[in-house]
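Single-structure report; data block below.
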2 protein chains.
Amino acid sequence: MRTTLKDIARQAGVSTTLVSYIINDRPVSIPEETRARVLKAIETLEYVPSAAAQGLRNQKSRMIAQLFLHYEPETTLSEPCTAGKTPALVDSLALKGYFHLNYPVPEGEKARHDLVNFLRSHRVDGVVIENTYDEDPYIDLVADTHVPFVVYNQADCGHPGSAVVNMDDAGGMRLTVEHLIRKGHTKIGHLQGNLRTYCDAMRRKAYEEVLREHGLAVREDWIRGDGSCTVEDGFRSTGELLDLDDRPTAIAATSDLLAMGALRQIQSRGLRVPEDVALIGFDDIQAASFLSPPLSTVALSYRRIGELAGEQILKLIEEPSLRFDPITVPVRLIERASTAKDFR
Amino acid sequence: MRTTLKDIARQAGVSTTLVSYIINDRPVSIPEETRARVLKAIETLEYVPSAAAQGLRNQKSRMIAQLFLHYEPETTLSEPCTAGKTPALVDSLALKGYFHLNYPVPEGEKARHDLVNFLRSHRVDGVVIENTYDEDPYIDLVADTHVPFVVYNQADCGHPGSAVVNMDDAGGMRLTVEHLIRKGHTKIGHLQGNLRTYCDAMRRKAYEEVLREHGLAVREDWIRGDGSCTVEDGFRSTGELLDLDDRPTAIAATSDLLAMGALRQIQSRGLRVPEDVALIGFDDIQAASFLSPPLSTVALSYRRIGELAGEQILKLIEEPSLRFDPITVPVRLIERASTAKDFR
DNA sequence: GATACTTAGTGAAACGTTACAGTGAATCGA
DNA sequence: TCGATTCACTGTAACGTTTCACTAAGTATC
């Protein structure tokens, strides 16, 4: 059997109440001698409180779940953007003695229902929502359970007990397109991601805005991508772009994975990057600098984002009435060889 | 307040016992009419059982922790080898209604102590141990708490209530070295990883064995690597190798990351791969096929490994007396351009 | 000497489930 | 028609904490 408070109390000749007080450092006066006796009993009997009993009594679990919405087994947890934030989140939770739970939410009625039950079961004190769509209905679902939550990549969602952490998607995409324009490009294509996500939607919007600001037309046939945001999609979509009679001389991709596919496609046709087609990505994944030519891209600190999410959710748990303004984490342009030639 | 069994019982005019029986599908005879009444009450009051109360009562949490030993914040969770297995583990646990917890264990007495308390607190029903050293003392630590566990990359550890899942490290390294020998190489260097890990130790051992079997000398000065297994290490260590008067004509790295660093070093000196130095990695990370030249390597299904770990730990929880033989997941050689030239 | 306060504790009731041991009533077999 | 069985339930005691309201001394205050 397991060692319980009762065992400690018996061993030390005191009540369980007193043992509990000592363990939890309650401000009651206890003579050193008694305290020492109890601590010794805890030591020798190797007592550790039962998480379940504490959870039941305190209505707290000290667990935070990271929700992976629109989950697909083979991809979601491996994507740079999704996976990148997890380590920092885990670390910042661990720092405060909280545990991190991975909770995938595949599409479908069953998973949706399971999610609500999960949240209602009080298994976790709060959640961090990953991989949301723009104005994602799942957010309301979570909000309705009154579990505090932090969500990435959303406009301010306005729910009480929630906070938003964004990266500067629009700013990043502006950087890339303006960079290409400075290099002399006027025919700039775009490889888009999943437009249902806030990230990719904002990036595409920024792409169009910058073009218009510079008096360049937005051509629908220069915007490609099936939404899967994979290397394969990049390869295929770039193929479509290059098949056009009037094709772009530069491509701004919404992710490095798309850009990797693009690079492969361009080079497989004997074209050169950046001489024939300039190419720039987004995310600055590790592989980017190893491509030939090394890929220009936008770097952002996924660590910082995850860290912020961790801090926010813990603050919300302590004080659910807190209101936060959405935080936006800055990005920066990384210029490499894939955009290194001036185009005139 | 939260809706409890009592509320349901009152609403349906029955005892809490009966409600519990219905929810848990206990084999007792209950007229359809009563059952329907109770289910309706559950529905309308939106009842969901309290995870903590069930945990306390059943002494089960339906949670599995993945332990990341020797944890370093910036790297451990991002490494291909470590991160690669997590998604499949999460999926296979979710399939059976179990939750997946990330538990980092940094070096140090405090973290070690926290770990023991964590396991003793019965917060999880079992653990999967990631990133172990060879004959890692942490394994005994876990075993002593009698929490069922699965461990990757170990010789059979012999503890009751445990299982081992390996990938075929030795077999994979044999494939790469034999491949290089077939290509005509006799001067083959090795970039080693962290020899304290079973993986890297096995790989290095296999490297040496194959050399000996083919009558080739094992030269200590051709074996490099500071144990960090990073791109930077690969770059630096390959520099040392190339500085030698009598230098290898081929390099077998224990990981793709090391090989990426090696490639950068080789090319930065104006040498060609594979003409001047052939190069082969291990892991088949996504970037490998995007290098110039594309990197030969060893592919293994991290998905399969994670899946197996999930299945094993759940079986152990159901039946802790079960004994499993260590499972070894097969690997295969991927030949790409970085080893494509015969060397004579 | 009565009153108030501090010290060092204790008992019992939650928290929300589940399992065991029953209990009446109805049905069945001989 | 009696005992046994089945049916449809229920009461209560756990599971292991924490908290609230107490108490019974001892000490200080006036």
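Each chain in the structure tokens gets a letter, A, B and so on, in the order shown; residues start at 1 in every chain, and ligands are counted from 1 in the order they appear.
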Residue hits in chain A, query chain B, radius 6 Å, only C-alpha atoms, as an MDAnalysis selection string: chainID A and resid 48:53 55:56 77 87 100:102 121 123 287 291
So that each row is one residue of chain D with an atom at most 7 Å from chain A, can you give its shortest atom pair and the distance in Å to one decimal, using only C-alpha atoms (C1' of nucleotides), rows by chain and rising number, as a Markdown table?
| residue | atom | partner | partner_atom | distance |
| --- | --- | --- | --- | --- |
| D:DG16 | C1' | A:Ala53 | CA | 5.0 |
| D:DT17 | C1' | A:Ala53 | CA | 5.1 |
| D:DT18 | C1' | A:Arg57 | CA | 6.4 |
Non-local contacts of Asp284 of chain A (9 Å; only C-alpha atoms (C1' of nucleotides); under 4 positions in same chain excluded) as a ChimeraX atom specification: /A:255-256,288-289,295-300,334
Generate a file of the selected residues that holds all heavy atoms, formatted as a CSV table (one decimal), in the first residue's frame.
chain,number,residue,atom,x,y,z
A,255,SER,N,6.2,29.9,-46.3
A,255,SER,CA,7.0,29.1,-45.3
A,255,SER,C,8.2,28.5,-46.0
A,255,SER,O,8.2,28.4,-47.3
A,255,SER,CB,6.1,27.9,-44.8
A,255,SER,OG,6.2,26.8,-45.7
A,256,ASP,N,9.2,28.2,-45.2
A,256,ASP,CA,10.4,27.6,-45.8
A,256,ASP,C,10.2,26.3,-46.4
A,256,ASP,O,10.8,25.9,-47.4
A,256,ASP,CB,11.5,27.5,-44.7
A,256,ASP,CG,12.1,28.8,-44.2
A,256,ASP,OD1,11.8,29.8,-44.9
A,256,ASP,OD2,12.8,28.8,-43.2
A,288,ALA,N,17.2,25.9,-43.9
A,288,ALA,CA,17.2,27.0,-44.8
A,288,ALA,C,18.6,27.4,-45.2
A,288,ALA,O,18.9,27.6,-46.4
A,288,ALA,CB,16.4,28.2,-44.2
A,289,SER,N,19.5,27.4,-44.2
A,289,SER,CA,20.8,27.9,-44.5
A,289,SER,C,21.7,26.8,-45.2
A,289,SER,O,22.8,27.1,-45.7
A,289,SER,CB,21.5,28.4,-43.3
A,289,SER,OG,21.9,27.2,-42.5
A,295,LEU,N,18.8,29.9,-48.4
A,295,LEU,CA,17.5,30.5,-48.6
A,295,LEU,C,17.3,31.8,-47.7
A,295,LEU,O,17.5,31.7,-46.5
A,295,LEU,CB,16.4,29.5,-48.2
A,295,LEU,CG,14.9,30.0,-48.4
A,295,LEU,CD1,14.6,30.1,-49.9
A,295,LEU,CD2,14.0,29.0,-47.7
A,296,SER,N,17.0,32.9,-48.3
A,296,SER,CA,16.6,34.1,-47.6
A,296,SER,C,15.3,33.8,-46.9
A,296,SER,O,14.5,33.0,-47.5
A,296,SER,CB,16.5,35.3,-48.5
A,296,SER,OG,17.7,35.6,-49.1
A,297,THR,N,15.0,34.4,-45.8
A,297,THR,CA,13.8,34.0,-45.1
A,297,THR,C,13.5,35.0,-44.0
A,297,THR,O,14.2,36.0,-43.9
A,297,THR,CB,13.9,32.6,-44.5
A,297,THR,OG1,12.7,32.2,-44.0
A,297,THR,CG2,15.0,32.5,-43.5
A,298,VAL,N,12.5,34.8,-43.2
A,298,VAL,CA,12.2,35.6,-42.0
A,298,VAL,C,12.4,34.8,-40.8
A,298,VAL,O,11.8,33.7,-40.7
A,298,VAL,CB,10.8,36.1,-42.1
A,298,VAL,CG1,10.4,36.8,-40.9
A,298,VAL,CG2,10.6,37.0,-43.3
A,299,ALA,N,13.2,35.3,-39.9
A,299,ALA,CA,13.4,34.6,-38.6
A,299,ALA,C,12.5,35.1,-37.5
A,299,ALA,O,12.2,36.3,-37.4
A,299,ALA,CB,14.9,34.7,-38.2
A,300,LEU,N,12.1,34.2,-36.7
A,300,LEU,CA,11.3,34.7,-35.5
A,300,LEU,C,11.6,33.7,-34.4
A,300,LEU,O,12.0,32.6,-34.6
A,300,LEU,CB,9.8,34.6,-35.9
A,300,LEU,CG,9.3,33.4,-36.6
A,300,LEU,CD1,8.4,32.6,-35.7
A,300,LEU,CD2,8.5,33.9,-37.8
A,334,ILE,N,16.2,37.7,-43.0
A,334,ILE,CA,17.5,37.1,-43.1
A,334,ILE,C,17.8,37.0,-44.6
A,334,ILE,O,17.2,36.3,-45.3
A,334,ILE,CB,17.5,35.6,-42.6
A,334,ILE,CG1,16.9,35.6,-41.2
A,334,ILE,CG2,18.9,35.0,-42.6
A,334,ILE,CD1,17.9,36.0,-40.1
Surrounding residues of DT3 of chain C excluding itself and chain neighbours under 5 positions, 12 Å, only C-alpha atoms (C1' of nucleotides), as a PyMOL selection string: chain D and resi 28-30
Write the selection just made, keeping C-alpha atoms (C1' of nucleotides), as a CSV table (one decimal), in the first residue's frame?
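Just written: part.csv:
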chain,number,residue,atom,x,y,z
D,28,DA,C1',-0.3,38.3,29.7
D,29,DT,C1',-3.3,42.4,31.0
D,30,DC,C1',-5.8,45.2,33.9
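A straight line drawn from atom CA of Phe68 of chain B to atom CA of Pro106 of chain B is 8.1 Å long.
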Secondary structure check, helix (DSSP H, G or I) residues of segment 31-164 of chain B, as an MDAnalysis selection string: chainID B and resid 32:44 51:58 76:78 80:95 109:120 137:144
Chain C contacts to chain A at 10 Å (only C-alpha atoms (C1' of nucleotides)) as a ChimeraX atom specification: /C:6-11,14-16
Could you take the residues named above and write them with N, CA and C atoms (P, O5', C5', C4', C3', O3' and C1' of nucleotides), as a PDB file, in the first residue's frame?
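Dumped everything to again_2.pdb:
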ATOM      1  P    DT C   6      -3.016  37.593  20.204  1.00  0.00           P
ATOM      2  O5'  DT C   6      -2.111  36.309  20.481  1.00  0.00           O
ATOM      3  C5'  DT C   6      -0.968  36.443  21.334  1.00  0.00           C
ATOM      4  C4'  DT C   6      -0.533  35.071  21.799  1.00  0.00           C
ATOM      5  C3'  DT C   6      -0.141  34.115  20.667  1.00  0.00           C
ATOM      6  O3'  DT C   6       1.240  33.812  20.829  1.00  0.00           O
ATOM      7  C1'  DT C   6      -1.474  33.027  22.319  1.00  0.00           C
ATOM      8  P    DT C   7       2.029  32.927  19.745  1.00  0.00           P
ATOM      9  O5'  DT C   7       1.895  31.468  20.338  1.00  0.00           O
ATOM     10  C5'  DT C   7       2.312  31.225  21.683  1.00  0.00           C
ATOM     11  C4'  DT C   7       2.063  29.766  22.032  1.00  0.00           C
ATOM     12  C3'  DT C   7       2.466  28.781  20.937  1.00  0.00           C
ATOM     13  O3'  DT C   7       3.266  27.785  21.552  1.00  0.00           O
ATOM     14  C1'  DT C   7       0.257  28.348  21.664  1.00  0.00           C
ATOM     15  P    DA C   8       4.027  26.710  20.717  1.00  0.00           P
ATOM     16  O5'  DA C   8       2.919  25.579  20.661  1.00  0.00           O
ATOM     17  C5'  DA C   8       2.795  24.698  21.781  1.00  0.00           C
ATOM     18  C4'  DA C   8       1.717  23.695  21.471  1.00  0.00           C
ATOM     19  C3'  DA C   8       1.963  22.906  20.172  1.00  0.00           C
ATOM     20  O3'  DA C   8       1.719  21.536  20.448  1.00  0.00           O
ATOM     21  C1'  DA C   8      -0.185  23.795  20.171  1.00  0.00           C
ATOM     22  P    DG C   9       2.330  20.465  19.422  1.00  0.00           P
ATOM     23  O5'  DG C   9       1.235  20.535  18.253  1.00  0.00           O
ATOM     24  C5'  DG C   9       0.427  19.465  18.188  1.00  0.00           C
ATOM     25  C4'  DG C   9      -0.965  19.782  18.767  1.00  0.00           C
ATOM     26  C3'  DG C   9      -2.056  19.026  18.041  1.00  0.00           C
ATOM     27  O3'  DG C   9      -2.093  17.708  18.522  1.00  0.00           O
ATOM     28  C1'  DG C   9      -2.746  21.222  18.691  1.00  0.00           C
ATOM     29  P    DT C  10      -2.515  16.561  17.541  1.00  0.00           P
ATOM     30  O5'  DT C  10      -4.090  16.686  17.673  1.00  0.00           O
ATOM     31  C5'  DT C  10      -4.686  16.616  18.977  1.00  0.00           C
ATOM     32  C4'  DT C  10      -6.179  16.771  18.798  1.00  0.00           C
ATOM     33  C3'  DT C  10      -6.770  15.792  17.785  1.00  0.00           C
ATOM     34  O3'  DT C  10      -7.832  15.100  18.412  1.00  0.00           O
ATOM     35  C1'  DT C  10      -7.395  18.028  17.257  1.00  0.00           C
ATOM     36  P    DG C  11      -8.360  13.768  17.678  1.00  0.00           P
ATOM     37  O5'  DG C  11      -9.841  14.176  17.232  1.00  0.00           O
ATOM     38  C5'  DG C  11     -10.490  15.293  17.845  1.00  0.00           C
ATOM     39  C4'  DG C  11     -11.876  15.424  17.235  1.00  0.00           C
ATOM     40  C3'  DG C  11     -12.353  14.240  16.402  1.00  0.00           C
ATOM     41  O3'  DG C  11     -13.770  14.177  16.562  1.00  0.00           O
ATOM     42  C1'  DG C  11     -11.970  16.118  14.976  1.00  0.00           C
ATOM     43  P    DA C  14     -20.062  18.516   5.272  1.00  0.00           P
ATOM     44  O5'  DA C  14     -19.316  17.430   4.336  1.00  0.00           O
ATOM     45  C5'  DA C  14     -19.222  17.642   2.958  1.00  0.00           C
ATOM     46  C4'  DA C  14     -18.066  18.574   2.639  1.00  0.00           C
ATOM     47  C3'  DA C  14     -17.583  18.368   1.220  1.00  0.00           C
ATOM     48  O3'  DA C  14     -17.774  19.566   0.502  1.00  0.00           O
ATOM     49  C1'  DA C  14     -15.783  18.067   2.806  1.00  0.00           C
ATOM     50  P    DC C  15     -18.485  19.493  -0.876  1.00  0.00           P
ATOM     51  O5'  DC C  15     -17.311  19.106  -1.880  1.00  0.00           O
ATOM     52  C5'  DC C  15     -16.156  19.921  -2.046  1.00  0.00           C
ATOM     53  C4'  DC C  15     -15.105  19.104  -2.753  1.00  0.00           C
ATOM     54  C3'  DC C  15     -15.690  18.087  -3.728  1.00  0.00           C
ATOM     55  O3'  DC C  15     -15.766  18.677  -5.005  1.00  0.00           O
ATOM     56  C1'  DC C  15     -13.868  17.173  -2.415  1.00  0.00           C
ATOM     57  P    DG C  16     -17.176  18.538  -5.805  1.00  0.00           P
ATOM     58  O5'  DG C  16     -17.087  17.054  -6.361  1.00  0.00           O
ATOM     59  C5'  DG C  16     -16.058  16.747  -7.274  1.00  0.00           C
ATOM     60  C4'  DG C  16     -16.078  15.265  -7.544  1.00  0.00           C
ATOM     61  C3'  DG C  16     -17.438  14.718  -7.975  1.00  0.00           C
ATOM     62  O3'  DG C  16     -17.202  13.935  -9.120  1.00  0.00           O
ATOM     63  C1'  DG C  16     -16.561  13.433  -6.225  1.00  0.00           C
TER      64       DG C  16
END
Expected answer as a PyMOL selection string: strand (DSSP E) residues in segment 102-313 of chain B: chain B and resi 102-106+126-130+149-152+162-167+188-191+223-224+250-253+278-280+297-300
Contacts of Pro326 of chain A within 12 Å, only C-alpha atoms (C1' of nucleotides), excl. fewer than 4 positions in-chain, as a ChimeraX atom specification: /A:150-158,162-168,305,308-309,312
Polymer residues at most 8 Å from Arg174 of chain A, only C-alpha atoms (C1' of nucleotides), same-chain spacing of 5 or more positions, as a PyMOL selection string: chain A and resi 206-207+210
